[in-house]
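Reproduced below: protein_31.cif, with mmCIF, C-alpha atoms and all ligand atoms.
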```cif
data_data
loop_
_atom_site.label_atom_id
_atom_site.label_comp_id
_atom_site.auth_asym_id
_atom_site.auth_seq_id
_atom_site.Cartn_x
_atom_site.Cartn_y
_atom_site.Cartn_z
CA MET U 1130 12.62 -16.97 -0.32
CA LYS U 1131 15.35 -19.52 -1.06
CA GLY U 1132 18.98 -18.47 -0.82
CA VAL U 1133 19.63 -19.40 -4.45
CA VAL U 1134 17.63 -16.34 -5.49
CA PHE U 1135 19.68 -14.06 -3.19
CA VAL U 1136 22.95 -15.61 -4.39
CA ALA U 1137 21.92 -14.86 -7.99
CA LEU U 1138 20.97 -11.27 -7.07
CA ALA U 1139 24.32 -10.70 -5.32
CA GLU U 1140 26.13 -12.12 -8.39
CA MET U 1141 24.23 -9.89 -10.82
CA ILE U 1142 24.81 -6.71 -8.78
CA GLN U 1143 28.50 -7.46 -8.23
CA ASN U 1144 29.08 -8.31 -11.89
CA LYS U 1145 27.25 -5.23 -13.16
CA TYR U 1146 28.15 -2.61 -10.55
CA GLY U 1147 31.07 -4.02 -8.55
CA HIS U 1148 31.68 -5.28 -5.03
CA GLN U 1149 31.71 -1.81 -3.49
CA PHE U 1150 28.19 -1.14 -4.76
CA TRP U 1151 26.94 -4.45 -3.30
CA ASN U 1152 28.64 -3.83 0.07
CA ASN U 1153 27.08 -0.40 0.15
CA VAL U 1154 23.59 -1.74 -0.59
CA VAL U 1155 23.99 -4.41 2.11
CA SER U 1156 25.09 -1.95 4.77
CA LYS U 1157 22.25 0.45 3.94
CA SER U 1158 19.60 -2.30 4.08
CA GLU U 1159 19.99 -3.37 7.74
CA LEU U 1160 19.63 -7.08 6.99
CA GLU U 1161 19.25 -9.85 9.53
CA SER U 1162 21.62 -11.99 7.39
CA GLU U 1163 24.12 -9.12 7.06
CA GLY U 1164 24.11 -9.89 3.35
CA VAL U 1165 25.76 -13.31 3.57
CA TYR U 1166 23.70 -15.82 1.56
CA THR U 1167 23.99 -19.54 0.85
CA ALA U 1168 21.90 -21.25 -1.82
CA ALA U 1169 20.29 -23.94 0.35
CA ALA U 1170 19.25 -21.67 3.22
CA THR U 1171 15.98 -19.72 3.36
CA TYR U 1172 15.68 -16.01 4.14
CA LYS U 1173 12.77 -13.77 4.97
CA ASP U 1174 11.01 -12.16 2.01
CA GLU U 1175 11.53 -8.90 3.89
CA GLU U 1176 15.27 -9.20 3.12
CA ALA U 1177 14.55 -9.33 -0.60
CA ASN U 1178 12.25 -6.33 -0.35
CA LYS U 1179 14.82 -4.29 1.57
CA LEU U 1180 17.64 -5.18 -0.85
CA LEU U 1181 15.47 -4.36 -3.84
CA ALA U 1182 14.50 -0.97 -2.41
CA SER U 1183 18.16 -0.07 -1.68
CA ILE U 1184 19.35 -1.19 -5.12
CA ALA U 1185 16.56 0.70 -6.88
CA SER U 1186 17.19 3.90 -4.94
CA LYS U 1187 20.96 3.73 -5.50
CA LEU U 1188 20.40 3.21 -9.26
CA ASP U 1189 17.58 5.76 -9.40
CA LYS U 1190 15.33 3.11 -10.97
CA LYS U 1191 11.91 1.78 -10.02
CA SER U 1192 11.93 -1.42 -7.93
CA ASN U 1193 9.75 -3.09 -10.57
CA ASP U 1194 12.32 -2.33 -13.29
CA VAL U 1195 15.13 -3.78 -11.17
CA LEU U 1196 13.00 -6.87 -10.51
CA LYS U 1197 12.38 -7.40 -14.21
CA ILE U 1198 16.07 -7.00 -15.11
CA PHE U 1199 16.88 -9.44 -12.32
CA GLY U 1200 14.31 -11.93 -13.67
CA ILE U 1201 16.11 -11.93 -17.03
CA TYR U 1202 19.42 -12.56 -15.25
CA LEU U 1203 17.89 -15.25 -13.01
CA ALA U 1204 16.72 -17.26 -16.03
CA GLY U 1205 20.34 -17.39 -17.27
CA TYR U 1206 21.53 -18.29 -13.77
CA PHE U 1207 18.99 -21.13 -13.52
CA ASN U 1208 20.05 -22.36 -16.95
CA LYS U 1209 23.65 -22.66 -15.72
CA LYS U 1210 22.68 -24.27 -12.42
CA TYR U 1211 19.84 -26.53 -13.60
CA PRO U 1212 20.36 -27.09 -17.36
CA GLN U 1213 18.19 -30.23 -17.21
CA PHE U 1214 15.09 -28.05 -16.73
CA PHE U 1215 15.65 -26.37 -20.08
CA SER U 1216 15.49 -29.55 -22.14
CA SER U 1217 11.91 -29.13 -23.41
CA ASP U 1218 11.67 -29.09 -27.22
CA GLY U 1219 10.13 -25.64 -27.53
CA PHE U 1220 9.72 -22.53 -25.44
CA PHE U 1221 5.98 -23.02 -24.81
CA ASP U 1222 6.64 -26.64 -23.73
CA PHE U 1223 9.23 -25.27 -21.32
CA LEU U 1224 6.78 -22.73 -19.84
CA ALA U 1225 4.16 -25.48 -19.48
CA SER U 1226 6.73 -27.58 -17.58
CA VAL U 1227 7.55 -24.91 -14.99
CA ASP U 1228 4.56 -25.71 -12.78
CA ASN U 1229 4.39 -29.49 -13.06
CA ILE U 1230 8.10 -30.30 -13.43
CA VAL U 1231 10.49 -27.45 -12.54
CA HIS U 1232 8.85 -26.06 -9.42
CA VAL U 1233 7.84 -29.61 -8.34
CA GLU U 1234 11.51 -30.73 -8.49
CA ILE U 1235 12.55 -27.56 -6.65
CA LYS U 1236 10.03 -28.38 -3.94
CA LYS U 1237 11.49 -31.93 -3.68
CA LEU U 1238 15.05 -30.58 -3.43
CA SER U 1239 14.00 -27.90 -0.92
CA PRO U 1240 10.84 -28.86 0.95
CA ASP U 1241 10.78 -25.46 2.66
CA SER U 1242 10.60 -23.62 -0.69
CA THR U 1243 7.30 -22.11 -1.78
CA PRO U 1244 7.42 -21.66 -5.55
CA PRO U 1245 4.46 -19.91 -7.14
CA LYS U 1246 1.67 -21.63 -9.05
CA ILE U 1247 1.87 -21.17 -12.83
CA GLN U 1248 -0.83 -22.15 -15.32
CA THR U 1249 -0.36 -22.03 -19.08
CA ILE U 1250 -2.86 -22.04 -21.94
CA LYS U 1251 -1.38 -22.47 -25.41
CA LEU U 1252 -3.50 -20.52 -27.89
CA SER U 1253 -1.49 -21.09 -31.07
CA GLU U 1254 2.08 -21.83 -32.19
CA LYS U 1255 2.96 -18.22 -31.36
CA GLU U 1256 0.60 -17.21 -28.55
CA MET U 1257 0.22 -18.34 -24.95
CA THR U 1258 -1.56 -17.09 -21.84
CA LEU U 1259 0.31 -17.64 -18.56
CA LEU U 1260 -1.30 -17.20 -15.13
CA TYR U 1261 0.83 -16.52 -12.06
CA PHE U 1262 -0.48 -17.06 -8.51
CA SER U 1263 1.63 -16.12 -5.49
CA LYS U 1264 1.16 -14.25 -2.25
CA ARG U 1265 4.48 -12.55 -3.05
CA LYS U 1266 2.97 -10.82 -6.10
CA LEU U 1267 6.35 -10.58 -7.89
CA CYS U 1268 4.90 -10.12 -11.38
CA PRO U 1269 7.86 -8.12 -12.76
CA LEU U 1270 10.11 -11.03 -11.74
CA ALA U 1271 7.83 -13.42 -13.63
CA ILE U 1272 8.01 -11.20 -16.73
CA GLY U 1273 11.81 -11.13 -16.51
CA LEU U 1274 11.95 -14.91 -16.11
CA ILE U 1275 9.70 -15.39 -19.16
CA LYS U 1276 11.81 -13.01 -21.27
CA GLY U 1277 15.12 -14.42 -20.02
CA SER U 1278 14.11 -18.01 -20.71
CA SER U 1279 12.90 -17.09 -24.20
CA HIS U 1280 16.49 -15.95 -24.96
CA ILE U 1281 17.75 -19.38 -23.85
CA TYR U 1282 15.44 -20.86 -26.51
CA GLY U 1283 16.92 -18.41 -29.04
CA ILE U 1284 13.73 -16.38 -29.48
CA ASN U 1285 12.22 -13.07 -28.37
CA VAL U 1286 8.74 -12.60 -26.95
CA ASP U 1287 6.36 -9.76 -26.17
CA VAL U 1288 4.78 -10.06 -22.73
CA GLU U 1289 1.57 -8.13 -22.13
CA HIS U 1290 0.43 -7.90 -18.49
CA THR U 1291 -3.33 -8.23 -18.98
CA LYS U 1292 -4.47 -8.78 -15.34
CA CYS U 1293 -2.64 -7.98 -12.13
CA MET U 1294 -2.92 -9.11 -8.50
CA HIS U 1295 -1.95 -5.58 -7.53
CA ASP U 1296 -5.27 -4.46 -9.06
CA GLY U 1297 -7.23 -6.96 -6.97
CA HIS U 1298 -7.22 -9.96 -9.35
CA GLU U 1299 -6.66 -13.43 -7.92
CA PHE U 1300 -3.70 -13.92 -10.30
CA CYS U 1301 -1.57 -12.02 -12.80
CA GLU U 1302 -2.23 -12.83 -16.45
CA PHE U 1303 0.37 -12.51 -19.18
CA PHE U 1304 -0.28 -12.69 -22.90
CA ILE U 1305 2.92 -13.96 -24.53
CA THR U 1306 3.60 -13.58 -28.26
CA ILE U 1307 6.62 -15.07 -30.01
CA LYS U 1308 8.06 -12.36 -32.30
C1 LIG E 1401 14.34 -23.78 -14.87
C2 LIG E 1401 13.81 -22.68 -14.52
C3 LIG E 1401 13.33 -22.32 -13.13
C4 LIG E 1401 13.82 -22.70 -11.90
C5 LIG E 1401 15.00 -23.61 -11.59
C6 LIG E 1401 12.98 -22.03 -10.91
C7 LIG E 1401 13.18 -22.13 -9.53
C8 LIG E 1401 12.64 -21.30 -8.60
C9 LIG E 1401 13.05 -21.18 -7.22
C10 LIG E 1401 14.17 -21.96 -6.54
C11 LIG E 1401 12.28 -20.23 -6.64
C12 LIG E 1401 12.33 -19.76 -5.18
C13 LIG E 1401 11.21 -20.42 -4.38
C14 LIG E 1401 11.25 -20.08 -2.90
O1 LIG E 1401 12.09 -19.30 -2.47
O2 LIG E 1401 10.44 -20.62 -2.12
C15 LIG E 1401 11.39 -19.74 -7.68
C16 LIG E 1401 10.49 -18.74 -7.50
C17 LIG E 1401 9.81 -18.14 -8.52
N1 LIG E 1401 9.61 -18.65 -9.79
FE1 LIG E 1401 10.62 -20.17 -10.61
N2 LIG E 1401 12.02 -21.30 -11.53
C18 LIG E 1401 12.20 -21.45 -12.88
C19 LIG E 1401 11.45 -20.91 -13.90
C20 LIG E 1401 10.46 -20.00 -13.70
C21 LIG E 1401 9.75 -19.33 -14.78
C22 LIG E 1401 9.96 -19.53 -16.29
C23 LIG E 1401 8.88 -18.50 -14.21
C24 LIG E 1401 7.96 -17.62 -15.01
C25 LIG E 1401 6.76 -17.35 -14.74
C26 LIG E 1401 9.05 -18.61 -12.75
C27 LIG E 1401 8.41 -17.86 -11.78
C28 LIG E 1401 8.84 -17.73 -10.48
C29 LIG E 1401 8.54 -16.58 -9.63
C30 LIG E 1401 7.76 -15.35 -10.02
C31 LIG E 1401 9.13 -16.85 -8.37
C32 LIG E 1401 9.17 -15.95 -7.11
C33 LIG E 1401 8.44 -16.52 -5.93
C34 LIG E 1401 6.97 -16.19 -5.92
O3 LIG E 1401 6.46 -15.57 -6.86
O4 LIG E 1401 6.28 -16.59 -4.97
N3 LIG E 1401 10.01 -19.56 -12.49
N4 LIG E 1401 11.61 -20.42 -8.87
ZN ZN E 1402 0.80 -8.37 -11.84
#
```

Show me the file's structure as structure tokens.
Ligand code: HEM
Ligand SMILES: [Zn+2]
Amino acid sequence: MKGVVFVALAEMIQNKYGHQFWNNVVSKSELESEGVYTAAATYKDEEANKLLASIASKLDKKSNDVLKIFGIYLAGYFNKKYPQFFSSDGFFDFLASVDNIVHVEIKKLSPDSTPPKIQTIKLSEKEMTLLYFSKRKLCPLAIGLIKGSSHIYGINVDVEHTKCMHDGHEFCEFFITIK
């Protein structure tokens, strides 16, 4: 996973819970990187999994809940870092651009990145189905990113998780409704 994601996670944890909390999590996690991350580098997915487990246990939350909260934060972080990607007219146009514009540009900037495949099907002005394919199976992160980016477009959405890779499906399916 690219360093930018780790840098955003470190920022969120330090802002919300302080430096001491982050240092504690890092020392408990036995990380190859020792918890020092730079945006352009790439780190093992194992590091992310270890960090997530330590954060969740320290907060007495489920890893999936931490991942979703982080997804919401990450959308805001991406909006600050890459505002040009949020220039689509509407929220559904933005989601449709993630696969063929956003993640394509990310891949150009960082050829060693492996963004997931996203497919969108617009059903009406207020309803969309989004499919998420990735060997990482980070569906709660996807949900957080969808919710967080909806806030950037000044709206709120319901996200229903209608199929899941963790149940043996080839992809996760989300049914998104603009409230
Ligand atoms: C402008 C907005 C976005 C930017 C700049 C962005 C960029 C990135 C980057 C840099 C990664 C890490 C790739 C790697 O480490 O190889 C990533 C992964 C990911 N992106 Fe995006 N992304 C954006 C929007 C979205 C949205 C809206 C979704 C919602 C479905 C999404 C879903 C994901 C997921 C779930 C991952 C984790 C990696 C995986 O599942 O394999 N992204 N994205
Ligand atoms: Zn899923």

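You will find CA of His1295 (chain U) at 11.6 Å from CA of Phe1262 (chain U).
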
From U:Ile1281, U:Val1286, U:Gly1132, U:His1148, residue lying nearest Lys1209 (chain U) [only C-alpha atoms]:
U:Ile1281

Using only C-alpha atoms and all ligand atoms, what are the residues with an atom within 7 Å of ligand LIG 1401 (chain E), set out as a PyMOL selection string?
chain U and resi 1130-1131+1133-1134+1204+1207-1208+1211+1214-1215+1224+1227+1231-1232+1235+1241-1245+1247+1261+1263-1268+1270-1272+1274-1275+1278

Using all atoms listed in the file, determine which residues lie at most 8 Å from Lys1179 (chain U), disregarding the query and same-chain residues fewer than 4 positions distant; provide the list as a list of chain:residue names.
U:Ser1158, U:Leu1160, U:Glu1175, U:Ser1183

Please produce a file of those selected residues containing C-alpha atoms, as a compact mmCIF listing (two decimals), in the frame of the given file.
```
# COMPACT_ATOMS: atom_id res chain seq x y z
CA SER U 1158 19.60 -2.30 4.08
CA LEU U 1160 19.63 -7.08 6.99
CA GLU U 1175 11.53 -8.90 3.89
CA SER U 1183 18.16 -0.07 -1.68
```

Nearest to ligand ZN 1402 (chain E): which of U:Ile1284, U:Leu1188, U:Leu1260, U:Leu1238 is it, counting only C-alpha atoms and all ligand atoms?
U:Leu1260

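Take CA of Phe1303 (chain U) and CA of Val1288 (chain U): the distance between them is 6.2 Å.
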
Which polymer residues, protein or nucleic acid, are no farther than 10 Å from (18.1, -15.5, 3.8), counting only C-alpha atoms, as a ChimeraX atom specification?
/U:1130-1136,1160-1177

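In this comparison, which uses all atoms listed in the file, the residue of U:Gln1213, U:Lys1236, U:Tyr1282, U:Ile1307 approaching Thr1258 (chain U) most closely is U:Ile1307.
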
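For the pair CA of Lys1251 (chain U) and CA of Ile1305 (chain U), the separation is 9.6 Å.
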
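Distances to ligand ZN 1402 (chain E) were evaluated for U:Pro1212, U:Gly1277, U:Pro1269, U:Gly1219 using only C-alpha atoms and all ligand atoms, and the minimum falls at U:Pro1269.
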
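Considering only C-alpha atoms, the residue among U:Gln1143, U:Gly1273, U:Trp1151, U:Leu1252 positioned nearest to Val1195 (chain U) is U:Gly1273.
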
Take every atom of region 1295-1304 of chain U listed in the file, fit an axis-aligned box around them, add 4 Å per side, and give the centre and edge lengths in Å to one decimal as JSON.
```
{"center_x": -3.4, "center_y": -9.2, "center_z": -14.9, "size_x": 15.6, "size_y": 17.5, "size_z": 23.9}
```

I'd like the contact shell of Phe1304 (chain U) - 9 Å cut-off, all atoms listed in the file, skipping same-chain residues fewer than 3 positions apart - returned as a ChimeraX atom specification.
/U:1256-1259,1287-1291

N, CA, C and O atoms are what I want for region 1178-1191 of chain U; can you complete it accordingly and write them as an mmCIF file, in the coordinates of the input?
```cif
data_model
loop_
_atom_site.group_PDB
_atom_site.id
_atom_site.type_symbol
_atom_site.label_atom_id
_atom_site.label_comp_id
_atom_site.auth_asym_id
_atom_site.auth_seq_id
_atom_site.Cartn_x
_atom_site.Cartn_y
_atom_site.Cartn_z
ATOM 1 N N ASN U 1178 12.898 -7.623 -0.141
ATOM 2 C CA ASN U 1178 12.250 -6.330 -0.350
ATOM 3 C C ASN U 1178 13.171 -5.168 0.029
ATOM 4 O O ASN U 1178 13.240 -4.163 -0.683
ATOM 5 N N LYS U 1179 13.897 -5.333 1.136
ATOM 6 C CA LYS U 1179 14.820 -4.290 1.570
ATOM 7 C C LYS U 1179 15.964 -4.111 0.567
ATOM 8 O O LYS U 1179 16.321 -2.988 0.204
ATOM 9 N N LEU U 1180 16.534 -5.246 0.120
ATOM 10 C CA LEU U 1180 17.640 -5.180 -0.850
ATOM 11 C C LEU U 1180 17.186 -4.488 -2.128
ATOM 12 O O LEU U 1180 17.886 -3.617 -2.666
ATOM 13 N N LEU U 1181 16.008 -4.896 -2.593
ATOM 14 C CA LEU U 1181 15.470 -4.360 -3.840
ATOM 15 C C LEU U 1181 15.277 -2.845 -3.733
ATOM 16 O O LEU U 1181 15.645 -2.097 -4.656
ATOM 17 N N ALA U 1182 14.739 -2.400 -2.604
ATOM 18 C CA ALA U 1182 14.500 -0.970 -2.410
ATOM 19 C C ALA U 1182 15.835 -0.211 -2.405
ATOM 20 O O ALA U 1182 15.953 0.858 -3.031
ATOM 21 N N SER U 1183 16.858 -0.751 -1.729
ATOM 22 C CA SER U 1183 18.160 -0.070 -1.680
ATOM 23 C C SER U 1183 18.806 -0.026 -3.056
ATOM 24 O O SER U 1183 19.385 0.998 -3.444
ATOM 25 N N ILE U 1184 18.743 -1.147 -3.782
ATOM 26 C CA ILE U 1184 19.350 -1.190 -5.120
ATOM 27 C C ILE U 1184 18.660 -0.192 -6.028
ATOM 28 O O ILE U 1184 19.310 0.598 -6.726
ATOM 29 N N ALA U 1185 17.319 -0.196 -5.999
ATOM 30 C CA ALA U 1185 16.560 0.700 -6.880
ATOM 31 C C ALA U 1185 16.881 2.163 -6.555
ATOM 32 O O ALA U 1185 17.099 2.963 -7.470
ATOM 33 N N SER U 1186 16.953 2.492 -5.274
ATOM 34 C CA SER U 1186 17.190 3.900 -4.940
ATOM 35 C C SER U 1186 18.606 4.310 -5.337
ATOM 36 O O SER U 1186 18.824 5.398 -5.868
ATOM 37 N N LYS U 1187 19.576 3.415 -5.132
ATOM 38 C CA LYS U 1187 20.960 3.730 -5.500
ATOM 39 C C LYS U 1187 21.126 3.887 -7.029
ATOM 40 O O LYS U 1187 21.963 4.653 -7.490
ATOM 41 N N LEU U 1188 20.313 3.139 -7.790
ATOM 42 C CA LEU U 1188 20.400 3.210 -9.260
ATOM 43 C C LEU U 1188 19.442 4.248 -9.832
ATOM 44 O O LEU U 1188 19.405 4.459 -11.048
ATOM 45 N N ASP U 1189 18.614 4.837 -8.961
ATOM 46 C CA ASP U 1189 17.580 5.760 -9.400
ATOM 47 C C ASP U 1189 16.640 5.114 -10.421
ATOM 48 O O ASP U 1189 16.294 5.694 -11.444
ATOM 49 N N LYS U 1190 16.282 3.859 -10.126
ATOM 50 C CA LYS U 1190 15.330 3.110 -10.970
ATOM 51 C C LYS U 1190 14.138 2.718 -10.110
ATOM 52 O O LYS U 1190 14.222 2.739 -8.881
ATOM 53 N N LYS U 1191 13.060 2.299 -10.765
ATOM 54 C CA LYS U 1191 11.910 1.780 -10.020
ATOM 55 C C LYS U 1191 12.213 0.344 -9.595
ATOM 56 O O LYS U 1191 12.830 -0.411 -10.360
#
```
